[in-house]
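Here is final_30.txt, consisting of compact mmCIF, C-alpha atoms:
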# COMPACT_ATOMS: atom_id res chain seq x y z
CA MET A 1 110.07 221.71 23.43
CA LEU A 2 109.84 224.76 25.65
CA ASP A 3 106.83 225.58 27.83
CA HIS A 4 107.22 229.08 29.23
CA HIS A 5 103.85 229.46 30.94
CA VAL A 6 102.78 227.18 33.78
CA HIS A 7 100.98 228.01 37.03
CA THR A 8 100.69 226.08 40.30
CA LYS A 9 98.31 226.02 43.22
CA ARG A 10 100.03 229.17 44.48
CA CYS A 11 97.79 231.19 42.16
CA ARG A 12 94.68 229.95 44.00
CA HIS A 13 92.99 228.66 40.83
CA ALA A 14 95.38 225.90 39.70
CA GLU A 15 96.29 222.44 40.98
CA GLY A 16 99.60 220.88 41.97
CA ILE A 17 102.96 222.05 43.28
CA GLU A 18 106.01 223.05 41.24
CA GLU A 19 107.60 219.62 41.35
CA ASP A 20 104.46 218.04 39.85
CA TYR A 21 104.85 220.29 36.82
CA ILE A 22 108.54 219.56 36.44
CA LEU A 23 107.89 215.82 36.49
CA ALA A 24 105.12 216.26 33.91
CA ALA A 25 107.47 218.27 31.70
CA ILE A 26 110.14 215.57 31.94
CA ARG A 27 107.57 212.93 30.94
CA GLU A 28 106.70 215.08 27.92
CA ASN A 29 110.39 215.31 27.01
CA LEU A 30 110.42 219.08 27.37
CA LYS A 31 113.81 220.76 27.47
CA VAL A 32 112.64 223.85 29.33
CA ILE A 33 109.82 224.61 31.74
CA GLY A 34 109.05 228.15 32.82
CA PHE A 35 107.18 228.88 36.04
CA ASN A 36 105.14 231.97 35.26
CA GLU A 37 103.12 232.47 38.40
CA HIS A 38 100.61 235.32 38.58
CA PHE A 39 102.14 238.31 40.29
CA PRO A 40 100.15 239.49 43.35
CA MET A 41 97.21 241.66 42.24
CA SER A 42 96.32 243.76 45.27
CA TYR A 43 96.51 246.88 43.09
CA LEU A 44 93.48 245.89 40.98
CA PRO A 45 89.99 247.35 41.58
CA ARG A 46 88.11 246.03 44.60
CA SER A 47 85.52 244.41 42.34
CA ILE A 48 88.17 241.92 41.20
CA PRO A 49 88.46 238.78 43.39
CA VAL A 50 92.25 239.00 43.56
CA GLU A 51 92.39 236.45 46.35
CA GLU A 52 91.27 233.87 43.77
CA TYR A 53 93.63 235.04 41.04
CA ALA A 54 97.06 235.21 42.69
CA MET A 55 99.15 234.77 45.81
CA ASP A 56 99.71 237.60 48.29
CA LEU A 57 102.84 239.72 47.94
CA GLU A 58 104.45 238.30 51.09
CA GLU A 59 104.25 234.82 49.53
CA PHE A 60 106.17 235.74 46.39
CA PRO A 61 109.69 235.30 47.86
CA GLU A 62 108.84 231.71 48.82
CA TYR A 63 107.74 231.04 45.21
CA ILE A 64 111.10 232.31 43.94
CA LYS A 65 112.95 230.29 46.57
CA GLU A 66 111.19 227.01 45.73
CA ALA A 67 111.57 227.43 41.98
CA THR A 68 115.27 228.18 42.47
CA ARG A 69 115.68 225.06 44.62
CA LEU A 70 114.02 222.89 42.00
CA ARG A 71 116.07 224.44 39.21
CA GLU A 72 119.19 223.12 40.94
CA ALA A 73 117.65 219.77 41.91
CA TYR A 74 116.57 218.93 38.35
CA LYS A 75 119.30 220.68 36.36
CA GLU A 76 120.52 217.39 34.86
CA GLU A 77 117.06 216.58 33.49
CA ILE A 78 115.45 219.88 32.49
CA THR A 79 116.10 223.62 32.50
CA VAL A 80 113.84 225.53 34.87
CA LYS A 81 113.07 229.18 34.13
CA ILE A 82 111.57 231.55 36.69
CA SER A 83 109.13 234.22 35.62
CA THR A 84 105.97 236.02 36.63
CA GLU A 85 102.84 237.06 34.78
CA VAL A 86 102.01 240.65 35.68
CA ASP A 87 98.49 241.92 35.21
CA TYR A 88 98.88 245.36 33.66
CA PHE A 89 96.54 248.01 35.02
CA GLU A 90 97.43 251.53 34.00
CA PRO A 91 96.15 253.38 37.12
CA ALA A 92 98.40 251.22 39.30
CA TRP A 93 101.55 251.42 37.18
CA LYS A 94 103.79 252.99 39.84
CA GLN A 95 102.65 250.45 42.39
CA ILE A 96 103.36 247.55 40.02
CA VAL A 97 106.92 248.78 39.46
CA GLU A 98 107.44 249.26 43.20
CA PHE A 99 106.19 245.75 44.01
CA LEU A 100 108.31 244.11 41.29
CA LYS A 101 111.57 245.93 41.90
CA PRO A 102 112.96 243.60 44.63
CA PHE A 103 112.60 240.55 42.37
CA LEU A 104 113.84 241.75 39.00
CA ASP A 105 117.31 240.21 39.24
CA GLN A 106 115.81 236.81 40.07
CA LEU A 107 113.58 236.51 37.01
CA ASP A 108 114.42 235.12 33.58
CA TYR A 109 111.54 236.95 31.88
CA ILE A 110 108.38 238.85 32.71
CA TYR A 111 105.03 238.41 31.04
CA GLY A 112 102.77 241.42 30.67
CA SER A 113 99.11 240.58 30.22
CA VAL A 114 95.73 242.27 30.49
CA HIS A 115 92.71 240.61 32.06
CA VAL A 116 90.90 243.61 33.49
CA VAL A 117 88.96 246.22 31.52
CA ASP A 118 87.59 249.03 33.69
CA ASP A 119 86.64 247.07 36.83
CA TRP A 120 86.02 243.53 35.53
CA ALA A 121 87.96 240.58 34.12
CA VAL A 122 87.17 239.75 30.49
CA ASP A 123 88.03 236.05 30.96
CA ASP A 124 86.07 235.39 34.17
CA GLU A 125 82.64 233.91 33.46
CA ARG A 126 81.32 235.52 36.64
CA PHE A 127 81.45 238.81 34.73
CA SER A 128 79.59 237.44 31.70
CA ASN A 129 76.83 240.01 32.13
CA LYS A 130 79.36 242.69 31.15
CA TRP A 131 79.54 241.16 27.69
CA GLN A 132 75.76 241.42 27.38
CA ASP A 133 75.49 244.95 28.78
CA ASN A 134 78.34 246.56 26.83
CA ASP A 135 79.31 247.01 23.19
CA LYS A 136 81.83 244.30 22.28
CA ASP A 137 83.72 246.67 20.00
CA ILE A 138 84.22 249.06 22.91
CA ILE A 139 85.41 246.24 25.18
CA TYR A 140 87.93 245.06 22.61
CA GLY A 141 89.04 248.64 21.99
CA LYS A 142 89.73 249.21 25.67
CA TYR A 143 91.52 245.89 25.94
CA TYR A 144 93.84 246.56 23.00
CA LYS A 145 94.50 250.13 24.15
CA ALA A 146 95.58 248.73 27.51
CA LEU A 147 97.94 246.32 25.74
CA ILE A 148 99.39 249.16 23.67
CA ALA A 149 100.01 251.20 26.84
CA MET A 150 101.62 248.17 28.46
CA VAL A 151 103.92 247.51 25.52
CA ARG A 152 104.99 251.14 25.28
CA ARG A 153 106.17 251.01 28.88
CA GLY A 154 109.10 248.96 27.58
CA TYR A 155 109.15 247.03 30.84
CA PHE A 156 107.98 243.53 29.95
CA ASP A 157 109.49 240.76 27.83
CA VAL A 158 106.43 238.85 26.60
CA VAL A 159 102.86 239.77 25.67
CA GLY A 160 100.63 237.04 27.08
CA HIS A 161 97.54 235.60 25.34
CA LEU A 162 97.11 238.64 23.11
CA ASP A 163 93.46 238.21 22.07
CA LEU A 164 92.16 236.84 25.38
CA PRO A 165 88.66 238.46 25.17
CA LYS A 166 87.63 235.85 22.60
CA LYS A 167 87.79 233.11 25.27
CA PHE A 168 84.01 232.60 25.46
CA GLY A 169 83.38 233.25 21.78
CA HIS A 170 82.80 237.00 22.00
CA HIS A 171 84.06 238.84 18.93
CA PRO A 172 83.97 242.45 17.75
CA SER A 173 81.54 243.26 14.95
CA ALA A 174 84.41 243.68 12.47
CA PRO A 175 88.14 242.95 12.44
CA MET A 176 90.03 245.53 14.47
CA ASP A 177 92.87 245.77 11.98
CA GLY A 178 93.74 249.38 12.71
CA ILE A 179 94.30 249.12 16.44
CA LEU A 180 95.90 245.67 16.08
CA ASP A 181 98.37 247.13 13.59
CA VAL A 182 99.28 249.83 16.10
CA LEU A 183 99.72 247.17 18.79
CA LEU A 184 101.91 244.90 16.66
CA ASP A 185 104.05 247.83 15.52
CA ALA A 186 104.56 248.81 19.17
CA ILE A 187 105.55 245.23 20.02
CA LYS A 188 108.05 245.22 17.16
CA GLU A 189 109.43 248.64 18.10
CA ASN A 190 109.98 247.51 21.71
CA ASP A 191 111.45 244.17 20.63
CA MET A 192 108.94 242.22 22.68
CA VAL A 193 107.94 238.61 22.19
CA ILE A 194 104.37 237.44 21.61
CA GLU A 195 103.22 234.30 23.36
CA VAL A 196 101.55 231.56 21.34
CA ASN A 197 99.27 230.24 24.07
CA THR A 198 97.61 226.85 23.61
CA ALA A 199 95.17 227.28 26.51
CA GLY A 200 92.59 228.64 24.08
CA LEU A 201 92.29 225.13 22.66
CA ARG A 202 90.94 224.05 26.07
CA LYS A 203 88.47 226.95 26.30
CA PRO A 204 85.07 227.50 24.62
CA ILE A 205 86.70 229.34 21.71
CA ARG A 206 88.78 226.22 20.83
CA GLU A 207 91.45 228.40 19.24
CA ILE A 208 95.02 229.32 20.03
CA TYR A 209 95.79 232.78 21.40
CA PRO A 210 96.39 234.77 19.26
CA SER A 211 94.48 233.90 16.10
CA ARG A 212 96.10 232.68 12.91
CA THR A 213 95.46 236.06 11.25
CA ILE A 214 97.31 237.87 14.02
CA LEU A 215 100.17 235.38 13.91
CA GLU A 216 100.43 235.76 10.14
CA ASN A 217 100.74 239.51 10.67
CA CYS A 218 103.39 238.86 13.32
CA PHE A 219 105.36 236.79 10.84
CA GLU A 220 105.11 239.50 8.19
CA LYS A 221 106.37 242.08 10.70
CA ASP A 222 109.16 239.73 11.88
CA ILE A 223 107.86 239.72 15.46
CA LYS A 224 109.37 237.12 17.77
CA ILE A 225 107.23 234.44 19.41
CA THR A 226 107.41 232.03 22.31
CA LEU A 227 105.26 229.10 23.38
CA GLY A 228 103.20 228.49 26.52
CA SER A 229 100.51 226.07 27.65
CA ASP A 230 99.18 228.34 30.40
CA ALA A 231 98.97 225.11 32.40
CA HIS A 232 96.81 225.13 35.52
CA GLU A 233 97.28 221.44 36.23
CA PRO A 234 100.25 219.17 35.48
CA SER A 235 98.45 217.36 32.64
CA HIS A 236 98.30 220.67 30.73
CA VAL A 237 102.09 220.97 30.41
CA GLY A 238 103.08 221.03 26.73
CA TYR A 239 99.40 220.94 25.75
CA GLU A 240 99.00 220.39 21.97
CA PHE A 241 102.55 221.58 21.33
CA ASN A 242 103.28 219.18 18.48
CA SER A 243 100.29 220.31 16.43
CA THR A 244 100.93 223.95 17.36
CA ILE A 245 104.52 223.80 16.15
CA GLU A 246 103.32 222.34 12.84
CA PHE A 247 100.78 225.17 12.66
CA LEU A 248 103.53 227.74 13.26
CA LYS A 249 105.74 226.14 10.63
CA GLU A 250 102.89 226.44 8.12
CA ILE A 251 102.80 230.17 8.76
CA GLY A 252 106.56 230.35 8.23
CA PHE A 253 108.05 230.57 11.72
CA GLU A 254 111.32 228.69 12.16
CA GLY A 255 111.50 228.69 15.95
CA ILE A 256 110.66 230.41 19.19
CA TYR A 257 112.46 232.39 21.86
CA THR A 258 113.44 231.48 25.38
CA PHE A 259 115.06 233.73 27.98
CA ASN A 260 117.94 233.80 30.42
CA LYS A 261 118.06 236.67 32.92
CA ARG A 262 115.88 238.81 30.64
CA GLN A 263 118.01 238.08 27.56
CA LYS A 264 116.39 236.43 24.52
CA GLU A 265 117.73 233.20 23.08
CA PHE A 266 116.48 231.68 19.82
CA ALA A 267 115.49 228.00 19.72
CA SER A 268 114.82 226.60 16.26
CA PHE A 269 112.12 224.01 15.67
CA GLU A 270 114.79 221.94 13.94
CA SER A 271 116.81 221.78 17.15
CA MET A 272 113.70 220.63 19.06
CA ASP A 273 113.37 217.61 16.78
CA GLY A 274 116.62 216.15 18.04
CA PRO A 275 117.12 213.64 20.88
Whole structure given in structure tokens:
Amino acid sequence: MLDHHVHTKRCRHAEGIEEDYILAAIRENLKVIGFNEHFPMSYLPRSIPVEEYAMDLEEFPEYIKEATRLREAYKEEITVKISTEVDYFEPAWKQIVEFLKPFLDQLDYIYGSVHVVDDWAVDDERFSNKWQDNDKDIIYGKYYKALIAMVRRGYFDVVGHLDLPKKFGHHPSAPMDGILDVLLDAIKENDMVIEVNTAGLRKPIREIYPSRTILENCFEKDIKITLGSDAHEPSHVGYEFNSTIEFLKEIGFEGIYTFNKRQKEFASFESMDGP
């Protein structure tokens, strides 16, 4: 069992410290836990309440330091991975690279995700009026185009919660097969990994990110996957992983990928069944 996506109170919208999550992972018999704290978001538009979404940049070294300390302290019980979830925003690309550069050699993997379309966050209910005032097809189109641009940068290791805009049950008027095909082909071409994110099961949509249809297409294209709970409290660690692994097996997947210093490592579901 490998959970590559947990947050702590450092992100301003989660509960608990790193050690709480490690202890929860040990109780769940996880072999690996990955701290994937939101990277500071000062580069986003002013309309975005970044102070509620992530730590400040000057706090990031302390996050790395504490995760590194705990990795050593608990090395006999669990493997601790250190990562960050970077919110991709095309106009700020150079700034993102500049901010991340000092930390690259300390990270096991980097998530790239998109939350912001234009000047609002698609998964923040405080912007729900945007869903009423704008064409859903256009919103989804902008979101997927941002993901395509992110993937083509060739900078990130994992695509986080790929169909996030469905969180509150908003769907495009028709399947967006064309643009999704372009996105998945770009992911394959750049040898990126797609996250299977169980947080959607806790949200109004009550569905894993991404959908079964998208995951079936991933399997057909031989795209690699990983697994994350997107935990925002210790009780979320490993959330619904047993049923999710069975779901992935039904599709045909035989395992998931973990990372070590930005290098992929395959972990079969069969190996996870052992003691």
Quick one: contact table of segment 75-158 of chain A to segment 21-28 of chain A, 9 Å max, nearest atom pair and distance in Å to one decimal per residue, counting all atoms listed in the file, chain and number order, as a tab-separated table?
residue	atom	partner	partner_atom	distance
A:Glu77	CA	A:Ile26	CA	7.2
A:Ile78	CA	A:Ile26	CA	6.9
A:Val80	CA	A:Ile22	CA	8.1
Taking the point (111.8, 229.0, 18.6) as given in the file, collect each protein or nucleic acid residue that comes within 12 Å of it, counting all atoms listed in the file, and present the set as a PyMOL selection string.
chain A and resi 1-4+32+193-196+223-228+245+248-249+252-259+264-273
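Taking only C-alpha atoms into account, Ile17 of chain A lies nearest to A:Leu70 out of the set A:Leu70, A:Ile48, A:Glu90, A:Leu147.
Residues with any atom within 10 Å of Tyr140 of chain A, counting only C-alpha atoms and excluding same-chain neighbours fewer than 2 positions away, are Val117, Val122, Asp135, Lys136, Asp137, Ile138, Lys142, Tyr143, Tyr144, Lys145, Ala146, Asp163, Leu164, Pro165, Lys166, His170, His171, Pro172, Met176 and Ile179 of chain A.
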Spatial neighbours of Glu233 of chain A, 6 Å, all atoms listed in the file, chain gap at least 2 places, as a list in words:
Ala14, Glu15, Ala231, Ser235 and His236 of chain A
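Take the candidates A:Ile208, A:Gln263, A:Tyr43, A:Met55 and check each one against Glu98 of chain A using only C-alpha atoms; the shortest distance goes to A:Tyr43.
Among A:Val86, A:Ile251, A:Ile205, A:Ala174, the residue with the shortest atom-to-atom distance to Glu220 of chain A, counting all atoms listed in the file, is A:Ile251.
Atom CA of Glu72 of chain A sits 19.5 Å away from atom CA of Leu104 of chain A.
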